[in-house]
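Reproduced below: work09.cif, with mmCIF, C-alpha atoms.
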data_start
#
loop_
_atom_site.label_atom_id
_atom_site.label_comp_id
_atom_site.auth_asym_id
_atom_site.auth_seq_id
_atom_site.Cartn_x
_atom_site.Cartn_y
_atom_site.Cartn_z
CA MET A 1 -111.30 20.22 96.47
CA TYR A 2 -114.28 19.51 98.70
CA GLY A 3 -115.86 17.47 95.93
CA ARG A 4 -112.73 15.36 95.52
CA LEU A 5 -112.54 14.71 99.27
CA CYS A 6 -116.19 13.64 99.31
CA ALA A 7 -115.60 11.30 96.39
CA LEU A 8 -112.59 9.82 98.17
CA ALA A 9 -114.59 9.37 101.38
CA VAL A 10 -117.44 7.68 99.49
CA ALA A 11 -114.95 5.38 97.74
CA LEU A 12 -113.32 4.44 101.06
CA VAL A 13 -116.69 3.74 102.68
CA GLY A 14 -117.61 1.67 99.64
CA LEU A 15 -114.41 -0.31 99.96
CA VAL A 16 -115.04 -1.05 103.61
CA PHE A 17 -118.63 -2.13 103.03
CA SER A 18 -117.88 -4.09 99.89
CA GLY A 19 -115.37 -6.06 102.00
CA THR A 20 -118.13 -6.92 104.43
CA ALA A 21 -120.71 -7.64 101.76
CA THR A 22 -118.44 -10.06 99.89
CA ALA A 23 -117.54 -12.04 103.01
CA HIS A 24 -118.36 -15.61 102.15
CA PHE A 25 -118.18 -19.09 103.56
CA ASN A 26 -114.62 -20.28 103.25
CA THR A 27 -112.86 -23.19 104.92
CA GLY A 28 -110.21 -25.81 104.45
CA GLN A 29 -111.53 -29.33 104.15
CA TYR A 30 -109.40 -30.95 106.86
CA SER A 31 -107.98 -30.20 110.29
CA HIS A 32 -104.20 -30.22 110.63
CA ALA A 33 -101.68 -31.52 113.15
CA ASN A 34 -99.46 -28.42 113.07
CA SER A 35 -99.86 -24.66 112.96
CA GLY A 36 -98.91 -24.23 109.30
CA CYS A 37 -102.11 -26.04 108.23
CA ALA A 38 -100.05 -28.22 105.88
CA SER A 39 -100.36 -31.45 107.86
CA ARG A 40 -103.81 -32.93 107.32
CA THR A 41 -105.14 -35.25 109.94
CA ASP A 42 -109.00 -35.33 110.05
CA PRO A 43 -111.66 -34.50 107.44
CA ILE A 44 -114.26 -31.85 108.23
CA THR A 45 -117.70 -33.44 108.06
CA VAL A 46 -120.03 -30.95 109.76
CA VAL A 47 -120.67 -27.23 109.34
CA LEU A 48 -122.73 -25.44 111.98
CA TYR A 49 -124.24 -22.15 110.83
CA GLY A 50 -126.64 -19.36 111.76
CA PHE A 51 -125.40 -18.22 115.18
CA ALA A 52 -122.71 -20.88 115.37
CA THR A 53 -119.88 -19.47 117.38
CA ALA A 54 -117.66 -22.33 118.52
CA SER A 55 -118.73 -21.74 122.11
CA ARG A 56 -122.44 -21.98 121.28
CA SER A 57 -121.88 -24.97 119.00
CA SER A 58 -120.07 -26.79 121.78
CA ASN A 59 -122.83 -25.87 124.24
CA HIS A 60 -125.53 -27.36 121.98
CA ILE A 61 -123.55 -30.45 121.07
CA LYS A 62 -122.91 -31.19 124.73
CA PHE A 63 -126.57 -30.62 125.61
CA HIS A 64 -128.01 -32.79 122.84
CA THR A 65 -125.46 -35.62 122.99
CA GLY A 66 -124.75 -35.69 126.70
CA TRP A 67 -121.03 -35.42 125.96
CA GLY A 68 -118.55 -33.56 128.13
CA GLY A 69 -115.71 -31.16 127.45
CA GLY A 70 -112.87 -32.66 125.45
CA THR A 71 -109.32 -33.61 126.34
CA GLY A 72 -107.79 -34.52 122.98
CA GLY A 73 -104.72 -32.82 121.55
CA SER A 74 -105.29 -29.58 119.71
CA GLN A 75 -105.42 -29.44 115.93
CA TYR A 76 -105.62 -26.53 113.49
CA PHE A 77 -108.29 -25.28 111.10
CA ALA A 78 -107.85 -23.05 108.04
CA SER A 79 -110.35 -20.48 106.77
CA HIS A 80 -110.07 -17.22 104.85
CA GLY A 81 -106.32 -17.79 104.63
CA ILE A 82 -105.91 -17.98 108.42
CA CYS A 83 -104.66 -21.10 110.23
CA ALA A 84 -105.77 -21.25 113.87
CA PRO A 85 -106.10 -23.84 116.63
CA THR A 86 -109.12 -25.78 117.84
CA THR A 87 -111.17 -23.73 120.26
CA TYR A 88 -113.60 -26.36 121.60
CA GLN A 89 -113.63 -30.13 121.92
CA ASP A 90 -116.44 -32.37 123.14
CA GLN A 91 -116.33 -36.10 123.76
CA SER A 92 -118.53 -38.96 124.89
CA GLY A 93 -115.98 -40.76 127.05
CA CYS A 94 -112.85 -40.29 129.13
CA GLY A 95 -109.39 -39.51 127.80
CA THR A 96 -108.48 -43.20 127.83
CA CYS A 97 -111.85 -44.51 126.61
CA SER A 98 -113.22 -45.47 123.22
CA ARG A 99 -115.51 -42.57 122.42
CA TYR A 100 -117.04 -40.03 120.09
CA HIS A 101 -114.99 -36.86 119.87
CA ILE A 102 -115.28 -33.58 117.98
CA ARG A 103 -112.88 -30.65 117.52
CA MET A 104 -114.31 -27.31 116.38
CA ARG A 105 -113.33 -23.83 115.35
CA LYS A 106 -115.32 -20.88 114.06
CA THR A 107 -114.38 -19.78 110.56
CA TYR A 108 -112.54 -16.48 110.45
CA ASP A 109 -115.34 -14.56 108.75
CA ASP A 110 -119.12 -14.79 108.57
CA ASP A 111 -121.15 -15.51 105.45
CA ALA A 112 -123.97 -13.36 104.11
CA ALA A 113 -126.33 -16.34 103.81
CA PHE A 114 -125.05 -18.81 106.41
CA GLY A 115 -124.17 -16.32 109.12
CA THR A 116 -121.56 -17.34 111.68
CA THR A 117 -120.12 -20.73 110.80
CA THR A 118 -118.13 -23.30 112.78
CA THR A 119 -116.55 -26.39 111.25
CA GLY A 120 -116.02 -29.68 113.05
CA THR A 121 -114.38 -33.07 112.68
CA PRO A 122 -116.58 -35.51 114.65
CA HIS A 123 -115.37 -39.10 114.75
CA HIS A 124 -115.54 -42.33 116.70
CA GLU A 125 -112.21 -43.57 117.98
CA ASP A 126 -111.00 -46.56 119.95
CA TRP A 127 -108.55 -46.40 122.82
CA VAL A 128 -105.57 -48.54 121.82
CA PRO A 129 -103.18 -49.25 124.74
CA SER A 130 -100.32 -50.27 122.43
CA CYS A 131 -100.23 -46.89 120.63
CA SER A 132 -97.50 -44.29 121.22
CA PHE A 133 -94.91 -46.80 122.42
CA GLY A 134 -97.27 -48.32 124.96
CA ILE A 135 -98.55 -45.03 126.41
CA GLY A 136 -101.82 -45.57 124.56
CA GLY A 137 -103.68 -43.43 122.07
CA HIS A 138 -106.86 -43.04 120.07
CA ALA A 139 -107.35 -44.58 116.62
CA VAL A 140 -110.31 -43.62 114.43
CA ASP A 141 -112.22 -46.69 113.20
CA LYS A 142 -111.34 -47.80 109.71
CA GLY A 143 -114.03 -47.99 107.11
CA GLY A 144 -116.05 -51.04 106.23
CA VAL A 145 -115.10 -53.54 103.59
CA ASN A 146 -117.56 -55.48 101.46
CA LEU A 147 -120.86 -53.74 101.86
CA GLY A 148 -120.96 -52.80 105.47
CA GLY A 149 -119.05 -55.80 106.82
CA GLY A 150 -116.98 -53.46 108.97
CA GLY A 151 -119.51 -50.64 109.31
CA PRO A 152 -118.89 -47.02 108.36
CA SER A 153 -115.57 -45.38 109.18
CA GLY A 154 -115.16 -43.51 112.46
CA PHE A 155 -115.45 -40.20 110.58
CA ASP A 156 -118.71 -41.27 108.93
CA GLN A 157 -120.00 -42.49 112.31
CA GLY A 158 -119.17 -39.10 113.83
CA ARG A 159 -121.18 -37.20 111.22
CA SER A 160 -124.14 -39.55 111.73
CA ARG A 161 -123.96 -39.14 115.52
CA ILE A 162 -124.20 -35.35 115.25
CA TYR A 163 -127.12 -35.75 112.85
CA SER A 164 -129.02 -38.09 115.17
CA ALA A 165 -128.42 -35.76 118.14
CA LEU A 166 -129.61 -32.55 116.45
CA ILE A 167 -132.28 -33.64 113.98
CA GLY A 168 -135.74 -32.61 115.09
CA GLU A 169 -134.45 -30.55 118.01
CA PRO A 170 -136.01 -27.07 118.20
CA GLY A 171 -133.79 -24.44 116.61
CA HIS A 172 -131.57 -26.94 114.85
CA THR A 173 -132.73 -27.00 111.24
CA PHE A 174 -130.90 -29.55 109.12
CA GLY A 175 -129.63 -27.44 106.24
CA GLY A 176 -128.80 -30.40 104.02
CA ASP A 177 -125.55 -31.89 102.83
CA ALA A 178 -122.79 -30.94 100.46
CA ASN A 179 -120.29 -33.34 98.92
CA TRP A 180 -116.75 -32.00 99.28
CA GLY A 181 -115.05 -35.22 98.22
CA ASN A 182 -112.54 -34.86 101.08
CA THR A 183 -111.94 -38.61 101.20
CA GLN A 184 -108.19 -38.74 101.77
CA GLU A 185 -107.34 -41.52 104.23
CA PHE A 186 -105.25 -41.11 107.37
CA LYS A 187 -103.05 -43.66 109.09
CA GLN A 188 -104.03 -44.19 112.70
CA CYS A 189 -101.77 -45.17 115.60
CA ASP A 190 -102.93 -48.80 115.34
CA GLY A 191 -101.83 -48.95 111.69
CA ASP A 192 -105.35 -48.86 110.24
CA TRP A 193 -106.41 -46.19 107.73
CA ALA A 194 -109.57 -44.13 108.10
CA GLY A 195 -111.30 -41.50 105.96
CA SER A 196 -114.63 -39.81 105.31
CA HIS A 197 -116.86 -40.69 102.38
CA GLY A 198 -116.84 -36.99 101.48
CA SER A 199 -120.18 -35.53 102.46
CA VAL A 200 -120.63 -32.67 104.92
CA PHE A 201 -123.79 -32.04 106.96
CA PHE A 202 -124.98 -28.48 107.70
CA PHE A 203 -126.91 -27.77 110.91
CA ARG A 204 -128.26 -24.43 112.09
CA MET A 205 -127.44 -23.16 115.57
CA PRO A 206 -130.00 -20.88 117.27
CA ASN A 207 -129.31 -17.50 118.83
CA SER A 208 -129.33 -18.89 122.36
CA SER A 209 -127.52 -21.40 124.51
CA HIS A 210 -128.66 -24.02 127.02
CA MET B 1 -89.06 -24.10 145.15
CA PRO B 2 -90.51 -27.60 144.55
CA ASN B 3 -93.32 -25.95 142.59
CA ARG B 4 -90.77 -24.19 140.42
CA ARG B 5 -89.07 -27.53 139.70
CA VAL B 6 -92.38 -29.11 138.78
CA ILE B 7 -93.20 -26.23 136.44
CA LEU B 8 -89.74 -26.39 134.85
CA GLY B 9 -90.10 -30.16 134.47
CA LEU B 10 -93.51 -29.79 132.85
CA PHE B 11 -92.17 -27.13 130.50
CA ALA B 12 -89.21 -29.32 129.51
CA GLY B 13 -91.60 -32.21 128.93
CA LEU B 14 -93.81 -30.09 126.73
CA VAL B 15 -90.84 -28.85 124.68
CA LEU B 16 -89.47 -32.39 124.30
CA GLY B 17 -92.93 -33.75 123.47
CA GLY B 18 -93.42 -31.06 120.85
CA ALA B 19 -90.05 -31.83 119.30
CA ILE B 20 -90.82 -35.56 119.13
CA SER B 21 -94.24 -34.79 117.71
CA ALA B 22 -92.80 -32.49 115.04
CA LEU B 23 -90.16 -35.07 114.17
CA ALA B 24 -92.75 -37.80 113.87
CA TYR B 25 -94.90 -35.72 111.57
CA SER B 26 -91.92 -34.62 109.48
CA ALA B 27 -91.55 -38.22 108.36
CA THR B 28 -94.87 -37.73 106.56
CA GLY B 29 -93.66 -34.89 104.40
CA GLY B 30 -90.48 -36.67 103.51
CA GLY B 31 -92.27 -39.87 102.67
CA ASP B 32 -90.84 -43.31 103.08
CA ALA B 33 -90.05 -45.94 100.52
CA GLY B 34 -91.90 -48.50 102.69
CA THR B 35 -93.05 -52.00 101.88
CA LEU B 36 -96.50 -53.45 101.29
CA ASP B 37 -98.30 -53.60 104.65
CA ALA B 38 -100.43 -56.69 104.04
CA ALA B 39 -101.86 -56.57 107.56
CA HIS B 40 -103.51 -53.21 106.82
CA SER B 41 -104.47 -53.84 103.19
CA ASP B 42 -107.79 -55.11 101.94
CA LEU B 43 -106.39 -56.27 98.59
CA SER B 44 -103.16 -57.79 97.28
CA VAL B 45 -101.58 -56.81 93.95
CA GLU B 46 -102.85 -60.11 92.56
CA GLY B 47 -106.30 -59.49 94.02
CA ALA B 48 -106.44 -56.02 92.45
CA ALA B 49 -105.47 -57.49 89.07
CA VAL B 50 -108.65 -59.58 89.01
CA PHE B 51 -110.88 -56.99 90.74
CA PRO B 52 -114.18 -57.30 88.84
CA ASP B 53 -116.33 -54.31 89.76
CA PHE B 54 -114.79 -51.42 87.75
CA PRO B 55 -111.52 -50.50 85.98
CA LEU B 56 -108.60 -49.70 88.30
CA TYR B 57 -105.74 -47.30 87.62
CA ALA B 58 -102.57 -46.80 89.68
CA VAL B 59 -98.89 -46.03 89.14
CA GLY B 60 -97.50 -49.55 89.49
CA GLU B 61 -95.54 -50.84 92.45
CA SER B 62 -93.55 -47.64 93.04
CA PHE B 63 -93.53 -43.96 92.10
CA GLU B 64 -90.61 -41.55 92.51
CA GLY B 65 -89.09 -43.69 95.27
CA LEU B 66 -92.39 -44.30 97.03
CA SER B 67 -93.35 -47.98 97.17
CA LEU B 68 -96.89 -49.26 97.04
CA THR B 69 -97.45 -49.70 100.79
CA GLY B 70 -101.14 -50.54 100.98
CA MET B 71 -104.46 -51.01 99.24
CA THR B 72 -107.91 -50.18 100.52
CA ARG B 73 -111.27 -51.52 99.43
CA ARG B 74 -114.14 -49.60 101.00
CA VAL B 75 -117.71 -50.27 99.99
CA GLU B 76 -120.46 -49.47 102.41
CA ALA B 77 -124.20 -49.86 102.52
CA ARG B 78 -126.10 -46.60 102.07
CA THR B 79 -127.57 -45.19 105.26
CA ALA B 80 -130.32 -42.54 105.24
CA PRO B 81 -130.28 -39.56 105.15
CA ASP B 82 -126.80 -39.63 103.66
CA PRO B 83 -126.86 -39.76 99.85
CA ALA B 84 -123.12 -40.51 99.70
CA ARG B 85 -121.23 -43.64 100.62
CA ALA B 86 -117.70 -44.92 100.26
CA ASN B 87 -117.15 -47.17 97.23
CA PHE B 88 -113.58 -47.13 96.06
CA VAL B 89 -110.29 -48.97 95.73
CA GLY B 90 -107.31 -47.04 97.11
CA PHE B 91 -103.59 -47.38 96.44
CA ARG B 92 -101.19 -45.83 98.96
CA TYR B 93 -97.60 -44.94 98.09
CA GLY B 94 -95.05 -44.25 100.80
CA ASP B 95 -95.73 -44.22 104.52
CA CYS B 96 -96.06 -41.83 107.45
CA THR B 97 -95.95 -41.93 111.25
CA PRO B 98 -99.02 -40.76 113.19
CA SER B 99 -98.35 -38.48 116.12
CA GLY B 100 -100.39 -38.95 119.27
CA ASP B 101 -104.09 -38.85 118.39
CA SER B 102 -103.44 -37.22 115.00
CA GLY B 103 -103.46 -39.42 111.92
CA CYS B 104 -101.32 -38.73 108.86
CA PRO B 105 -101.75 -39.18 105.09
CA ALA B 106 -99.64 -41.26 102.73
CA PRO B 107 -97.42 -39.04 100.52
CA LEU B 108 -99.43 -40.21 97.50
CA GLU B 109 -102.85 -41.86 97.53
CA ILE B 110 -104.87 -42.85 94.48
CA GLN B 111 -108.54 -43.72 94.86
CA VAL B 112 -110.66 -45.13 92.04
CA TRP B 113 -114.43 -44.66 92.32
CA PRO B 114 -117.22 -45.64 89.92
CA ALA B 115 -118.13 -42.47 88.00
CA CYS B 116 -121.80 -43.15 88.59
CA GLU B 117 -121.18 -42.56 92.32
CA ARG B 118 -118.47 -39.88 92.21
CA ASN B 119 -117.93 -37.43 89.36
CA PHE B 120 -117.36 -33.75 88.65
CA ALA B 121 -121.06 -32.98 89.16
CA SER B 122 -121.10 -34.53 92.64
CA TYR B 123 -119.65 -31.54 94.45
CA SER B 124 -120.81 -28.33 96.06
CA LEU B 125 -119.44 -26.18 98.85
CA THR B 126 -122.82 -25.70 100.49
CA PRO B 127 -126.28 -27.28 100.30
CA ALA B 128 -127.31 -24.12 98.40
CA GLY B 129 -125.17 -25.29 95.49
CA ASP B 130 -122.24 -22.87 95.76
CA PRO B 131 -119.46 -24.42 93.68
CA LEU B 132 -116.62 -26.24 95.38
CA PRO B 133 -113.46 -24.30 94.43
CA HIS B 134 -111.66 -26.06 91.59
CA GLU B 135 -109.52 -25.60 88.50
CA ARG B 136 -110.35 -27.54 85.34
CA LEU B 137 -107.73 -28.94 82.99
CA THR B 138 -107.12 -31.77 80.55
CA VAL B 139 -104.84 -34.68 81.43
CA ARG B 140 -103.87 -37.28 78.84
CA GLY B 141 -106.77 -36.28 76.64
CA VAL B 142 -109.50 -36.48 79.26
CA PRO B 143 -111.17 -33.92 81.55
CA ALA B 144 -109.59 -33.39 84.96
CA ALA B 145 -109.85 -30.95 87.85
CA PHE B 146 -107.77 -29.79 90.80
CA PHE B 147 -109.52 -29.39 94.16
CA GLU B 148 -108.35 -28.66 97.70
CA GLU B 149 -105.97 -25.89 96.60
CA GLY B 150 -104.07 -28.20 94.31
CA LYS B 151 -103.67 -31.11 96.70
CA ARG B 152 -106.30 -33.26 94.98
CA LEU B 153 -106.49 -34.05 91.28
CA GLU B 154 -109.41 -35.88 89.71
CA VAL B 155 -109.15 -37.53 86.31
CA TYR B 156 -112.39 -38.54 84.60
CA THR B 157 -111.81 -41.54 82.35
CA GLY B 158 -114.16 -44.24 81.06
CA SER B 159 -116.59 -45.29 83.77
CA VAL B 160 -114.41 -44.24 86.71
CA THR B 161 -113.14 -41.18 88.57
CA VAL B 162 -109.47 -41.44 89.53
CA VAL B 163 -108.77 -39.28 92.61
CA LEU B 164 -105.16 -38.49 93.47
CA PHE B 165 -104.00 -36.87 96.74
CA ALA B 166 -100.49 -35.46 97.28
CA GLN B 167 -98.81 -32.35 98.64
CA GLU B 168 -98.04 -30.62 95.32
CA LYS B 169 -99.72 -29.98 92.00
CA ALA B 170 -96.60 -30.89 90.05
CA GLN B 171 -96.35 -34.29 91.72
CA LEU B 172 -100.04 -34.95 91.12
CA LEU B 173 -99.60 -34.20 87.42
CA ARG B 174 -96.54 -36.43 87.21
CA ALA B 175 -98.47 -39.26 88.89
CA ALA B 176 -101.44 -38.74 86.55
CA ASN B 177 -99.08 -39.03 83.60
CA GLU B 178 -97.92 -42.41 84.97
CA LEU B 179 -101.39 -43.87 85.53
CA ARG B 180 -101.78 -47.32 84.02
CA GLY B 181 -104.31 -50.12 84.28
CA ALA B 182 -104.18 -52.19 87.47
CA ASN B 183 -106.79 -54.74 86.49
CA GLY B 184 -108.07 -56.44 83.35
CA SER B 185 -110.84 -53.98 82.56
CA ALA B 186 -108.63 -50.85 82.58
CA ARG B 187 -107.38 -49.56 79.23
CA THR B 188 -104.83 -47.00 78.05
CA GLY B 189 -104.22 -46.04 74.44
CA THR B 190 -100.88 -46.62 72.70
CA ASP B 191 -100.48 -42.83 72.45
CA GLY B 192 -100.73 -42.48 76.24
CA ARG B 193 -104.27 -41.13 76.13
CA LEU B 194 -106.78 -42.41 78.64
CA PRO B 195 -110.24 -43.62 77.54
CA ALA B 196 -112.75 -40.81 77.07
CA ALA B 197 -115.15 -40.26 79.95
CA ALA B 198 -118.32 -42.32 79.54
CA GLU B 199 -121.32 -40.48 78.10
CA GLY B 200 -122.96 -38.42 80.86
CA ALA B 201 -120.33 -39.33 83.47
CA LEU B 202 -119.14 -35.76 84.08
CA GLU B 203 -122.67 -34.45 84.37
CA GLY B 204 -123.72 -37.13 86.86
CA ARG B 205 -126.03 -38.85 84.38
CA LEU B 206 -124.22 -42.20 84.30
CA ALA B 207 -126.31 -44.98 85.82
CA CYS B 208 -124.71 -47.58 88.06
#

For the structure just supplied, provide its representation as structure tokens.
Amino acid sequence: MYGRLCALAVALVGLVFSGTATAHFNTGQYSHANSGCASRTDPITVVLYGFATASRSSNHIKFHTGWGGGTGGSQYFASHGICAPTTYQDQSGCGTCSRYHIRMRKTYDDDAAFGTTTTGTPHHEDWVPSCSFGIGGHAVDKGGVNLGGGGPSGFDQGRSRIYSALIGEPGHTFGGDANWGNTQEFKQCDGDWAGSHGSVFFFRMPNSSH
Amino acid sequence: MPNRRVILGLFAGLVLGGAISALAYSATGGGDAGTLDAAHSDLSVEGAAVFPDFPLYAVGESFEGLSLTGMTRRVEARTAPDPARANFVGFRYGDCTPSGDSGCPAPLEIQVWPACERNFASYSLTPAGDPLPHERLTVRGVPAAFFEEGKRLEVYTGSVTVVLFAQEKAQLLRAANELRGANGSARTGTDGRLPAAAEGALEGRLAC
């Protein structure tokens, strides 16, 4: 009897620890407008890892870009089967300004190799007074046509801006890029369409804040 | 008391705003027959027909009640350190209504990329090379794969990668079965099969 109980206890402990050991990086590839995470709106283009809680990620992004806390509407992020709202936003300009803007959320679970991970959807957007029936709204820049004639899309600009802010900064190792192919385009309030070219940059966050 | 009125007013505004927002986004899911939005298209149907850079595939001027509402041509210069760039022609079917600062996708979008720049070997979940979750299959005689939990289907044919986005796997498969040439260099066999993927295209060995 005692032997059976011990075996059961060992099996239970094994189950608990195998759950932890198999935790892995998992995320949707877009943010969503609504809480069911079935209403794509922005592509994810950066992953912050290491000690990247959303709070610490926001702290470092603000410090290295000079941006302030964000005022955009909330969106939702999916990871490990959980759909949850944005926890931090940072932006380079006011709520009625053309600006850089990022929404972030920590993934539900950590990863054995990448540690705590936060995903983000940085982008450059213009303030368009005619949007939302004249109330005004933000529209992400459309992508370029004919070899750079229009420049990169607002989503590609956002990824580049985070790169230029963090590269070379102590504690922020550039982990490289991964191509997710999340290039679906999204209609903006000015009628233009914007999307990412599909690559995602990984940046390490240190175990300290500014 | 005035404070209570203000709070009640704000609450009512939030509820009403949320309802309008939900209504606006619901138009996305339902789709919209729509018409070609020339002001927000980079190509016309006639322009696509003579597009010279690579073969184009789409599903004609409408699909399951969704009209062709727009065409995109994105081709950007490469910028270090980014190895990727946008280089595709896109066909959008149906329409949607953005809500506030949140954009929305067309019910069906088809992007055609040169296989030398985008192919099955292009992807990974992490820089360490972990595989991007996918499900391989064969469509009209050529290799294909679902990504994004069945909301993206890629069909590898000839020298191009045809990327389809929609809400459901079944609709993506139906659209893939309706793919036809949209310019002079695109081919389909009389038996409905698509041209075999170019040598090395799937493995990322096709030169541009």

- Show which residues sit within 6 Å of range 86-100 of chain A, as a PyMOL selection string. Count all atoms listed in the file, and ignore same-chain residues fewer than 6 positions away. chain A and resi 67-70+74-76+123-127

- Task: With a distance cut-off of 9 Å and all atoms listed in the file, select the neighbouring residues of Ser102 in chain B, excluding the residue or stretch itself and same-chain residues fewer than 2 positions from it, and output the selection as JSON, numbers by chain.
- Result: {"A": [32, 33, 40, 41, 42, 73, 75, 138, 139, 186, 187, 188, 189], "B": [98, 99, 100, 104]}

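Within 7 Å of chain A, and using all atoms listed in the file, the residues found on chain B are B:His40, B:Arg73, B:Arg74, B:Val75, B:Glu76, B:Ala77, B:Ala84, B:Arg85, B:Ala86, B:Pro98, B:Gly100, B:Asp101, B:Ser102, B:Gly103, B:Cys104, B:Pro105, B:Ser122, B:Tyr123, B:Ser124, B:Leu125, B:Thr126, B:Pro127, B:Leu132, B:Phe165.
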
- Message: Using the chain letters and numbers from this file, what does the PyMOL selection byres ((chain A and resi 173) around 6) select? Give the answer as a ChimeraX atom specification.
- Response: /A:172,174-175,203-204

Write the selection just made, keeping C-alpha atoms, as a short mmCIF file (atom, residue, chain, number, x, y, z; two decimals), keeping the file's coordinate frame?
data_model
loop_
_atom_site.label_atom_id
_atom_site.label_comp_id
_atom_site.auth_asym_id
_atom_site.auth_seq_id
_atom_site.Cartn_x
_atom_site.Cartn_y
_atom_site.Cartn_z
CA HIS A 172 -131.57 -26.94 114.85
CA PHE A 174 -130.90 -29.55 109.12
CA GLY A 175 -129.63 -27.44 106.24
CA PHE A 203 -126.91 -27.77 110.91
CA ARG A 204 -128.26 -24.43 112.09
#

- So how far away is CA of Pro81 in chain B from CA of Ile102 in chain A, in Å? 20.6 Å

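Atom to atom, CA of Met104 in chain A and CA of Ser57 in chain A stand 8.3 Å apart.
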
- Distance query Ala121 in chain B at most 8 Å, only C-alpha atoms, self and fewer than 4 positions along chain excluded, as a ChimeraX atom specification: /B:202-204

- Message: Starting from the PyMOL selection byres ((chain B and resi 155) around 8), expand the selection into actual residues of this file and give them as a PyMOL selection string.
- Response: chain B and resi 139+142-145+153-154+156-157+161-163+176

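Note that the spacing between CA of Tyr108 in chain A and CA of Ser79 in chain A amounts to 5.9 Å.
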
- Translate the PyMOL selection byres ((chain B and resi 63-65) around 9), as applied to the file shown, into an explicit residue set as number ranges by chain. B: 31-33, 59-62, 66-68, 93-94, 108, 175, 178

- Which is closest to Tyr49 in chain A among A:Gly154, A:Gly168, A:Gly66, A:Gly115, if we use only C-alpha atoms? A:Gly115

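Distances here use only C-alpha atoms; by that measure, the residue among A:Met205, A:Thr121, A:Ile44, A:Pro170 closest to His101 in chain A is A:Thr121.
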